[in-house]
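Source file: start_7.pdb; contents: PDB, C-alpha atoms, pLDDT in the B column.
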MODEL        1
ATOM      1  CA  THR A   1     -68.124 210.679 -66.134  1.00 59.00           C
ATOM      2  CA  LEU A   2     -65.900 213.472 -67.299  1.00 46.00           C
ATOM      3  CA  ALA A   3     -63.950 211.046 -69.487  1.00 48.00           C
ATOM      4  CA  CYS A   4     -67.119 209.840 -71.223  1.00 48.00           C
ATOM      5  CA  HIS A   5     -68.303 213.397 -71.871  1.00 45.00           C
ATOM      6  CA  THR A   6     -64.849 214.283 -73.188  1.00 43.00           C
ATOM      7  CA  ARG A   7     -64.865 211.307 -75.571  1.00 48.00           C
ATOM      8  CA  ARG A   8     -68.375 212.153 -76.837  1.00 49.00           C
ATOM      9  CA  PHE A   9     -67.337 215.765 -77.396  1.00 42.00           C
ATOM     10  CA  PHE A  10     -64.200 214.622 -79.220  1.00 40.00           C
ATOM     11  CA  TYR A  11     -66.131 212.223 -81.487  1.00 41.00           C
ATOM     12  CA  ALA A  12     -68.785 214.849 -82.255  1.00 40.00           C
ATOM     13  CA  GLY A  13     -66.084 217.382 -83.075  1.00 43.00           C
ATOM     14  CA  THR A  14     -64.288 214.871 -85.283  1.00 39.00           C
ATOM     15  CA  ARG A  15     -67.488 214.066 -87.206  1.00 43.00           C
ATOM     16  CA  TRP A  16     -68.087 217.785 -87.753  1.00 37.00           C
ATOM     17  CA  ILE A  17     -64.529 218.279 -89.050  1.00 37.00           C
ATOM     18  CA  VAL A  18     -64.935 215.320 -91.442  1.00 37.00           C
ATOM     19  CA  PHE A  19     -68.305 216.674 -92.611  1.00 39.00           C
ATOM     20  CA  LEU A  20     -66.891 220.157 -93.207  1.00 40.00           C
ATOM     21  CA  SER A  21     -63.899 218.722 -95.075  1.00 39.00           C
ATOM     22  CA  MET A  22     -66.252 216.737 -97.341  1.00 43.00           C
ATOM     23  CA  LEU A  23     -68.332 219.847 -97.939  1.00 41.00           C
ATOM     24  CA  LEU A  24     -65.365 221.971 -98.937  1.00 42.00           C
ATOM     25  CA  ALA A  25     -63.949 219.177-101.088  1.00 41.00           C
ATOM     26  CA  CYS A  26     -67.264 218.808-102.948  1.00 41.00           C
ATOM     27  CA  GLY A  27     -67.399 222.550-103.583  1.00 42.00           C
ATOM     28  CA  ALA A  28     -63.801 222.617-104.814  1.00 41.00           C
ATOM     29  CA  SER A  29     -64.386 219.579-107.035  1.00 43.00           C
ATOM     30  CA  ALA A  30     -67.452 221.171-108.640  1.00 41.00           C
ATOM     31  CA  GLN A  31     -65.439 224.331-109.314  1.00 45.00           C
ATOM     32  CA  ASP A  32     -62.563 222.336-110.865  1.00 43.00           C
ATOM     33  CA  ARG A  33     -64.914 220.534-113.289  1.00 45.00           C
ATOM     34  CA  SER A  34     -66.726 223.724-114.244  1.00 49.00           C
ATOM     35  CA  HIS A  35     -66.314 225.920-117.312  1.00 69.00           C
ATOM     36  CA  VAL A  36     -66.999 229.032-115.241  1.00 89.00           C
ATOM     37  CA  ASP A  37     -65.305 231.020-112.511  1.00 94.00           C
ATOM     38  CA  VAL A  38     -67.558 231.641-109.492  1.00 95.00           C
ATOM     39  CA  GLN A  39     -66.786 233.819-106.477  1.00 95.00           C
ATOM     40  CA  VAL A  40     -69.126 234.002-103.476  1.00 94.00           C
ATOM     41  CA  ARG A  41     -68.647 236.276-100.489  1.00 93.00           C
ATOM     42  CA  ARG A  42     -70.735 236.655 -97.356  1.00 89.00           C
ATOM     43  CA  THR A  43     -71.360 240.357 -96.749  1.00 89.00           C
ATOM     44  CA  ARG A  44     -72.845 242.107 -93.732  1.00 85.00           C
ATOM     45  CA  GLY A  45     -74.032 245.666 -93.211  1.00 80.00           C
ATOM     46  CA  GLU A  46     -76.787 247.744 -91.615  1.00 76.00           C
ATOM     47  CA  GLY A  47     -78.040 244.801 -89.571  1.00 77.00           C
ATOM     48  CA  MET A  48     -78.409 242.584 -92.644  1.00 82.00           C
ATOM     49  CA  SER A  49     -76.367 239.894 -94.359  1.00 86.00           C
ATOM     50  CA  TRP A  50     -76.350 238.512 -97.887  1.00 91.00           C
ATOM     51  CA  PHE A  51     -74.285 236.625-100.444  1.00 92.00           C
ATOM     52  CA  ASP A  52     -72.482 238.607-103.144  1.00 96.00           C
ATOM     53  CA  ILE A  53     -72.036 236.442-106.233  1.00 97.00           C
ATOM     54  CA  ASN A  54     -69.833 236.991-109.276  1.00 97.00           C
ATOM     55  CA  ALA A  55     -69.610 234.360-111.999  1.00 97.00           C
ATOM     56  CA  SER A  56     -68.238 234.429-115.517  1.00 95.00           C
ATOM     57  CA  GLY A  57     -67.435 232.151-118.413  1.00 93.00           C
ATOM     58  CA  PHE A  58     -66.720 232.196-122.143  1.00 91.00           C
ATOM     59  CA  VAL A  59     -68.752 230.627-124.930  1.00 91.00           C
ATOM     60  CA  SER A  60     -67.918 230.040-128.583  1.00 88.00           C
ATOM     61  CA  ALA A  61     -71.215 231.574-129.641  1.00 91.00           C
ATOM     62  CA  THR A  62     -72.654 234.955-130.526  1.00 92.00           C
ATOM     63  CA  PRO A  63     -74.504 237.180-128.034  1.00 95.00           C
ATOM     64  CA  GLN A  64     -77.639 236.409-130.044  1.00 94.00           C
ATOM     65  CA  ASP A  65     -77.153 232.674-129.456  1.00 94.00           C
ATOM     66  CA  ALA A  66     -76.612 233.278-125.744  1.00 96.00           C
ATOM     67  CA  TRP A  67     -79.604 235.586-125.576  1.00 97.00           C
ATOM     68  CA  LYS A  68     -81.871 232.996-127.147  1.00 96.00           C
ATOM     69  CA  VAL A  69     -80.979 230.466-124.446  1.00 97.00           C
ATOM     70  CA  LEU A  70     -81.170 232.882-121.511  1.00 97.00           C
ATOM     71  CA  THR A  71     -84.557 234.313-122.497  1.00 97.00           C
ATOM     72  CA  ASP A  72     -86.244 231.004-123.289  1.00 97.00           C
ATOM     73  CA  TYR A  73     -87.458 231.083-119.689  1.00 98.00           C
ATOM     74  CA  GLU A  74     -89.889 228.185-119.753  1.00 97.00           C
ATOM     75  CA  ARG A  75     -87.265 225.841-121.218  1.00 97.00           C
ATOM     76  CA  LEU A  76     -84.675 226.569-118.510  1.00 97.00           C
ATOM     77  CA  PRO A  77     -85.702 223.602-116.293  1.00 97.00           C
ATOM     78  CA  GLN A  78     -84.691 221.250-119.116  1.00 96.00           C
ATOM     79  CA  PHE A  79     -80.994 221.952-118.542  1.00 96.00           C
ATOM     80  CA  VAL A  80     -80.601 223.909-115.274  1.00 95.00           C
ATOM     81  CA  PRO A  81     -80.140 221.144-112.653  1.00 90.00           C
ATOM     82  CA  GLU A  82     -81.961 222.595-109.637  1.00 89.00           C
ATOM     83  CA  LEU A  83     -84.731 224.436-111.473  1.00 94.00           C
ATOM     84  CA  VAL A  84     -88.033 222.539-111.342  1.00 95.00           C
ATOM     85  CA  GLU A  85     -90.433 225.020-112.961  1.00 96.00           C
ATOM     86  CA  SER A  86     -90.203 228.335-114.788  1.00 97.00           C
ATOM     87  CA  LYS A  87     -93.380 229.990-116.003  1.00 97.00           C
ATOM     88  CA  VAL A  88     -93.956 233.298-117.765  1.00 98.00           C
ATOM     89  CA  VAL A  89     -96.933 234.939-116.075  1.00 98.00           C
ATOM     90  CA  LYS A  90     -96.962 238.184-118.018  1.00 97.00           C
ATOM     91  CA  ARG A  91     -94.949 239.970-120.666  1.00 97.00           C
ATOM     92  CA  ASN A  92     -95.088 243.671-121.500  1.00 97.00           C
ATOM     93  CA  GLY A  93     -92.505 244.734-124.041  1.00 95.00           C
ATOM     94  CA  ASN A  94     -89.072 244.157-122.513  1.00 97.00           C
ATOM     95  CA  GLU A  95     -90.488 243.364-119.064  1.00 98.00           C
ATOM     96  CA  VAL A  96     -91.395 239.847-117.964  1.00 98.00           C
ATOM     97  CA  LEU A  97     -93.031 238.572-114.785  1.00 98.00           C
ATOM     98  CA  LEU A  98     -91.678 235.084-114.117  1.00 98.00           C
ATOM     99  CA  GLU A  99     -92.539 232.460-111.503  1.00 97.00           C
ATOM    100  CA  GLN A 100     -89.914 229.852-110.652  1.00 96.00           C
ATOM    101  CA  GLU A 101     -89.522 226.894-108.332  1.00 95.00           C
ATOM    102  CA  SER A 102     -86.223 225.239-107.554  1.00 91.00           C
ATOM    103  CA  ARG A 103     -84.810 222.659-105.168  1.00 85.00           C
ATOM    104  CA  ALA A 104     -81.361 223.139-103.732  1.00 71.00           C
ATOM    105  CA  GLY A 105     -79.493 220.418-101.898  1.00 61.00           C
ATOM    106  CA  PHE A 106     -76.022 219.890-100.490  1.00 55.00           C
ATOM    107  CA  LEU A 107     -75.141 216.675 -98.655  1.00 53.00           C
ATOM    108  CA  PHE A 108     -78.025 216.177 -96.200  1.00 55.00           C
ATOM    109  CA  PHE A 109     -79.445 219.706 -96.609  1.00 58.00           C
ATOM    110  CA  SER A 110     -82.399 220.178 -98.955  1.00 67.00           C
ATOM    111  CA  TYR A 111     -84.400 223.331 -99.615  1.00 72.00           C
ATOM    112  CA  ARG A 112     -87.296 224.322-101.865  1.00 82.00           C
ATOM    113  CA  LEU A 113     -87.452 227.834-103.277  1.00 87.00           C
ATOM    114  CA  LYS A 114     -90.440 229.522-104.880  1.00 93.00           C
ATOM    115  CA  MET A 115     -90.323 233.081-106.106  1.00 95.00           C
ATOM    116  CA  ALA A 116     -91.722 235.560-108.573  1.00 97.00           C
ATOM    117  CA  VAL A 117     -89.253 237.871-110.287  1.00 97.00           C
ATOM    118  CA  ARG A 118     -89.506 240.850-112.593  1.00 98.00           C
ATOM    119  CA  ILE A 119     -87.155 240.712-115.554  1.00 98.00           C
ATOM    120  CA  THR A 120     -86.037 243.695-117.612  1.00 98.00           C
ATOM    121  CA  GLU A 121     -84.410 242.792-120.925  1.00 98.00           C
ATOM    122  CA  GLN A 122     -81.820 244.827-122.811  1.00 98.00           C
ATOM    123  CA  PRO A 123     -81.565 242.730-125.988  1.00 97.00           C
ATOM    124  CA  TYR A 124     -78.277 240.963-126.588  1.00 96.00           C
ATOM    125  CA  SER A 125     -76.467 242.750-123.733  1.00 96.00           C
ATOM    126  CA  ALA A 126     -78.123 242.435-120.300  1.00 98.00           C
ATOM    127  CA  ILE A 127     -80.967 240.926-118.293  1.00 98.00           C
ATOM    128  CA  ASP A 128     -81.873 242.446-114.920  1.00 98.00           C
ATOM    129  CA  ILE A 129     -83.807 240.398-112.374  1.00 98.00           C
ATOM    130  CA  LYS A 130     -85.528 241.681-109.223  1.00 98.00           C
ATOM    131  CA  LEU A 131     -87.479 239.823-106.585  1.00 97.00           C
ATOM    132  CA  VAL A 132     -91.238 240.442-106.414  1.00 97.00           C
ATOM    133  CA  SER A 133     -92.152 237.796-103.826  1.00 96.00           C
ATOM    134  CA  GLY A 134     -91.138 234.378-102.598  1.00 94.00           C
ATOM    135  CA  SER A 135     -88.709 232.390-100.470  1.00 87.00           C
ATOM    136  CA  MET A 136     -85.959 235.013-100.442  1.00 90.00           C
ATOM    137  CA  LYS A 137     -85.282 237.895 -98.087  1.00 91.00           C
ATOM    138  CA  GLN A 138     -83.574 239.641-100.960  1.00 92.00           C
ATOM    139  CA  TYR A 139     -82.609 238.764-104.497  1.00 95.00           C
ATOM    140  CA  GLU A 140     -81.440 240.798-107.423  1.00 96.00           C
ATOM    141  CA  ALA A 141     -79.308 239.580-110.300  1.00 97.00           C
ATOM    142  CA  ARG A 142     -77.926 240.575-113.665  1.00 98.00           C
ATOM    143  CA  TRP A 143     -76.783 238.577-116.691  1.00 98.00           C
ATOM    144  CA  GLU A 144     -74.389 240.394-119.012  1.00 97.00           C
ATOM    145  CA  LEU A 145     -73.205 239.448-122.506  1.00 96.00           C
ATOM    146  CA  ASP A 146     -69.960 240.823-123.942  1.00 93.00           C
ATOM    147  CA  GLY A 147     -69.684 239.937-127.603  1.00 87.00           C
ATOM    148  CA  ALA A 148     -66.291 241.611-128.032  1.00 74.00           C
ATOM    149  CA  ALA A 149     -64.513 239.290-125.601  1.00 68.00           C
ATOM    150  CA  GLN A 150     -61.556 237.113-126.508  1.00 69.00           C
ATOM    151  CA  GLU A 151     -60.322 233.836-125.019  1.00 69.00           C
ATOM    152  CA  HIS A 152     -56.988 232.361-126.097  1.00 65.00           C
ATOM    153  CA  GLY A 153     -56.963 234.808-129.007  1.00 64.00           C
ATOM    154  CA  ARG A 154     -60.377 233.690-130.290  1.00 72.00           C
ATOM    155  CA  ARG A 155     -63.432 235.929-130.572  1.00 73.00           C
ATOM    156  CA  CYS A 156     -66.181 234.740-128.239  1.00 84.00           C
ATOM    157  CA  THR A 157     -68.916 235.929-125.893  1.00 93.00           C
ATOM    158  CA  ARG A 158     -68.243 236.460-122.222  1.00 93.00           C
ATOM    159  CA  ILE A 159     -71.149 235.565-119.921  1.00 95.00           C
ATOM    160  CA  ARG A 160     -71.339 237.297-116.550  1.00 96.00           C
ATOM    161  CA  TYR A 161     -73.772 236.605-113.732  1.00 97.00           C
ATOM    162  CA  ARG A 162     -73.849 238.898-110.724  1.00 97.00           C
ATOM    163  CA  ALA A 163     -76.264 238.576-107.849  1.00 96.00           C
ATOM    164  CA  ARG A 164     -77.026 239.694-104.333  1.00 95.00           C
ATOM    165  CA  MET A 165     -79.181 237.188-102.470  1.00 91.00           C
ATOM    166  CA  GLU A 166     -80.278 235.987 -99.062  1.00 89.00           C
ATOM    167  CA  PRO A 167     -82.711 233.067 -98.685  1.00 84.00           C
ATOM    168  CA  GLU A 168     -85.375 232.940 -96.000  1.00 82.00           C
ATOM    169  CA  PHE A 169     -84.112 229.611 -94.676  1.00 74.00           C
ATOM    170  CA  PHE A 170     -81.096 229.378 -92.387  1.00 72.00           C
ATOM    171  CA  ILE A 171     -77.765 228.286 -93.852  1.00 72.00           C
ATOM    172  CA  PRO A 172     -75.122 227.455 -91.192  1.00 69.00           C
ATOM    173  CA  PRO A 173     -72.337 230.063 -91.440  1.00 67.00           C
ATOM    174  CA  LEU A 174     -69.506 227.573 -91.983  1.00 69.00           C
ATOM    175  CA  ILE A 175     -71.147 226.000 -95.029  1.00 73.00           C
ATOM    176  CA  GLY A 176     -72.887 229.053 -96.496  1.00 75.00           C
ATOM    177  CA  GLU A 177     -70.312 230.115 -99.056  1.00 85.00           C
ATOM    178  CA  PRO A 178     -69.463 226.574-100.299  1.00 84.00           C
ATOM    179  CA  PHE A 179     -73.197 225.748-100.504  1.00 80.00           C
ATOM    180  CA  VAL A 180     -74.031 228.832-102.590  1.00 87.00           C
ATOM    181  CA  GLN A 181     -70.876 228.538-104.707  1.00 90.00           C
ATOM    182  CA  ALA A 182     -71.627 224.927-105.624  1.00 88.00           C
ATOM    183  CA  SER A 183     -75.239 225.795-106.521  1.00 87.00           C
ATOM    184  CA  VAL A 184     -74.298 228.831-108.646  1.00 93.00           C
ATOM    185  CA  THR A 185     -71.502 226.887-110.347  1.00 94.00           C
ATOM    186  CA  ARG A 186     -73.910 224.144-111.398  1.00 92.00           C
ATOM    187  CA  THR A 187     -76.429 226.687-112.712  1.00 93.00           C
ATOM    188  CA  VAL A 188     -74.074 228.945-114.670  1.00 94.00           C
ATOM    189  CA  ASP A 189     -72.069 226.002-115.988  1.00 95.00           C
ATOM    190  CA  ALA A 190     -75.275 224.414-117.300  1.00 95.00           C
ATOM    191  CA  VAL A 191     -76.225 227.662-119.042  1.00 95.00           C
ATOM    192  CA  VAL A 192     -72.778 227.996-120.632  1.00 94.00           C
ATOM    193  CA  LYS A 193     -72.868 224.406-121.906  1.00 94.00           C
ATOM    194  CA  GLU A 194     -76.366 224.857-123.348  1.00 96.00           C
ATOM    195  CA  ILE A 195     -75.287 228.032-125.179  1.00 94.00           C
ATOM    196  CA  GLU A 196     -72.236 226.215-126.575  1.00 90.00           C
ATOM    197  CA  LYS A 197     -74.471 223.378-127.774  1.00 88.00           C
ATOM    198  CA  SER A 198     -77.092 225.631-129.346  1.00 81.00           C
ATOM    199  CA  GLY A 199     -74.466 227.783-131.070  1.00 64.00           C
ATOM    200  CA  ARG A 200     -72.921 224.880-133.021  1.00 64.00           C
TER     201      ARG A 200
ENDMDL
END
For the file at hand, write its structure as structure tokens.
Amino acid sequence: TLACHTRRFFYAGTRWIVFLSMLLACGASAQDRSHVDVQVRRTRGEGMSWFDINASGFVSATPQDAWKVLTDYERLPQFVPELVESKVVKRNGNEVLLEQESRAGFLFFSYRLKMAVRITEQPYSAIDIKLVSGSMKQYEARWELDGAAQEHGRRCTRIRYRARMEPEFFIPPLIGEPFVQASVTRTVDAVVKEIEKSGR
């Protein structure tokens, strides 16, 4: 009957609202507990779409300390939550070919990512990353280290992570930004904490 269909539609809509509220609350909670500021924006243009990511945080460590952690590529899975494997395939001077596998999950969504990236190092200041192949339609990122930064009047190093990415798998539009923001927050926060620990 029409009443039954209406009730089913209402209950389905209510479950979706509850689910979305939980999703946004989890993302906000992760951001509140984090030592980093992460901004994610869905961008569209020229028939394509992608996530623009900007993240930053401060560490009581030198750029050299931060650099040591960021460029120890094969040790990254030990402290980056979603990273399963990270393997250096080839190194030529300041260029590195790296293969990585990660698993991303949010509530009942779970995804596996495999990709090869080319890394260009600018010692103690920047690391550029570009996709070679893998489970991404597009991916490019940059880590930046600012050793002249100050936080609360104290000399420190500012860590910045900027990326433009779009995975091959479908992420529902309503949860895309919270999903990516939570994932990036966990990753960058883990890096910041590891740098703090290693710099003591």
Subject >> Surrounding residues of Leu98 in chain A excluding itself and chain neighbours under 5 positions, 6 Å, all atoms listed in the file, as a ChimeraX atom specification >> reply: /A:87-89,116-117
**OP:** With the file shown as input, list the residues that the PyMOL selection byres ((chain A and resi 181-184) around 7) selects, as a ChimeraX atom specification.
**Re:** /A:27,30,38-40,177-180,185-188
I want to know what sits within 8 Å of Gly57 in chain A, based on only C-alpha atoms, with residues of the same chain fewer than 2 positions away left out; could you give that as an mmCIF file with C-alpha atoms, in the frame of the given file?
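Saved the output as result_3.cif:
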data_model
loop_
_atom_site.group_PDB
_atom_site.id
_atom_site.type_symbol
_atom_site.label_atom_id
_atom_site.label_comp_id
_atom_site.auth_asym_id
_atom_site.auth_seq_id
_atom_site.Cartn_x
_atom_site.Cartn_y
_atom_site.Cartn_z
ATOM 1 C CA HIS A 35 -66.314 225.920 -117.312
ATOM 2 C CA VAL A 36 -66.999 229.032 -115.241
ATOM 3 C CA ASP A 37 -65.305 231.020 -112.511
ATOM 4 C CA ALA A 55 -69.610 234.360 -111.999
ATOM 5 C CA VAL A 59 -68.752 230.627 -124.930
ATOM 6 C CA ARG A 158 -68.243 236.460 -122.222
ATOM 7 C CA ILE A 159 -71.149 235.565 -119.921
ATOM 8 C CA ARG A 160 -71.339 237.297 -116.550
ATOM 9 C CA VAL A 192 -72.778 227.996 -120.632
#
Original post:
So what do you get for CA of Lys137 in chain A versus CA of Thr43 in chain A, distance-wise?
Top reply: 14.2 Å
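One distance worth recording is that between CA of Ser125 in chain A and CA of Ala66 in chain A, which is 9.7 Å.
CA of Tyr73 in chain A to CA of Asp128 in chain A spans 13.5 Å [interatomic distance, one decimal].
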Any chance you could resolve the PyMOL selection byres ((chain A and resi 74-77) around 10) against this file and give the residues as an mmCIF file with C-alpha atoms, keeping the file's coordinate frame?
data_model
loop_
_atom_site.group_PDB
_atom_site.id
_atom_site.type_symbol
_atom_site.label_atom_id
_atom_site.label_comp_id
_atom_site.auth_asym_id
_atom_site.auth_seq_id
_atom_site.Cartn_x
_atom_site.Cartn_y
_atom_site.Cartn_z
ATOM 1 C CA VAL A 69 -80.979 230.466 -124.446
ATOM 2 C CA LEU A 70 -81.170 232.882 -121.511
ATOM 3 C CA THR A 71 -84.557 234.313 -122.497
ATOM 4 C CA ASP A 72 -86.244 231.004 -123.289
ATOM 5 C CA TYR A 73 -87.458 231.083 -119.689
ATOM 6 C CA GLN A 78 -84.691 221.250 -119.116
ATOM 7 C CA PHE A 79 -80.994 221.952 -118.542
ATOM 8 C CA VAL A 80 -80.601 223.909 -115.274
ATOM 9 C CA PRO A 81 -80.140 221.144 -112.653
ATOM 10 C CA GLU A 82 -81.961 222.595 -109.637
ATOM 11 C CA LEU A 83 -84.731 224.436 -111.473
ATOM 12 C CA VAL A 84 -88.033 222.539 -111.342
ATOM 13 C CA GLU A 85 -90.433 225.020 -112.961
ATOM 14 C CA SER A 86 -90.203 228.335 -114.788
ATOM 15 C CA LYS A 87 -93.380 229.990 -116.003
ATOM 16 C CA VAL A 88 -93.956 233.298 -117.765
ATOM 17 C CA LEU A 98 -91.678 235.084 -114.117
ATOM 18 C CA GLU A 99 -92.539 232.460 -111.503
ATOM 19 C CA GLN A 100 -89.914 229.852 -110.652
ATOM 20 C CA GLU A 101 -89.522 226.894 -108.332
ATOM 21 C CA SER A 102 -86.223 225.239 -107.554
ATOM 22 C CA ALA A 190 -75.275 224.414 -117.300
ATOM 23 C CA VAL A 191 -76.225 227.662 -119.042
ATOM 24 C CA GLU A 194 -76.366 224.857 -123.348
#
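Proximity ranking of A:Ser49, A:Asn94, A:Gln138, A:Ser133 relative to Ile119 in chain A places A:Asn94 first, based on all atoms listed in the file.
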**OP:** Go through A:Gly176, A:Pro167, A:Gly47, A:Pro63 and flag the residue nearest Leu113 in chain A, using all atoms listed in the file for the distances.
**Re:** A:Pro167
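Residue nearest Arg162 in chain A within the list A:Lys197, A:Arg91, A:Lys68, A:Arg41: A:Arg41 [criterion: smallest interatomic distance, only C-alpha atoms].
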Check which residues satisfy the PyMOL selection byres ((chain A and resi 124) around 9) in the file shown, then give them as a compact mmCIF listing (two decimals) with C-alpha atoms, keeping the file's coordinate frame.
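The result, written out as selection_14.txt:
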# COMPACT_ATOMS: atom_id res chain seq x y z
CA PRO A 63 -74.50 237.18 -128.03
CA GLN A 64 -77.64 236.41 -130.04
CA ASP A 65 -77.15 232.67 -129.46
CA ALA A 66 -76.61 233.28 -125.74
CA TRP A 67 -79.60 235.59 -125.58
CA LYS A 68 -81.87 233.00 -127.15
CA GLU A 121 -84.41 242.79 -120.92
CA GLN A 122 -81.82 244.83 -122.81
CA PRO A 123 -81.56 242.73 -125.99
CA SER A 125 -76.47 242.75 -123.73
CA ALA A 126 -78.12 242.44 -120.30
CA ILE A 127 -80.97 240.93 -118.29
CA GLU A 144 -74.39 240.39 -119.01
CA LEU A 145 -73.20 239.45 -122.51
CA ASP A 146 -69.96 240.82 -123.94
CA GLY A 147 -69.68 239.94 -127.60
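The shortest atom-to-atom distance to Lys114 in chain A, with all atoms listed in the file taken into account, belongs to A:Met136 out of A:Ala148, A:Met136, A:Ile195, A:Val96.
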Original post:
Smallest atom-to-atom distance to Cys156 in chain A: which of A:Ile175, A:Met48, A:Ala61, A:Ala104, using all atoms listed in the file?
Top reply: A:Ala61
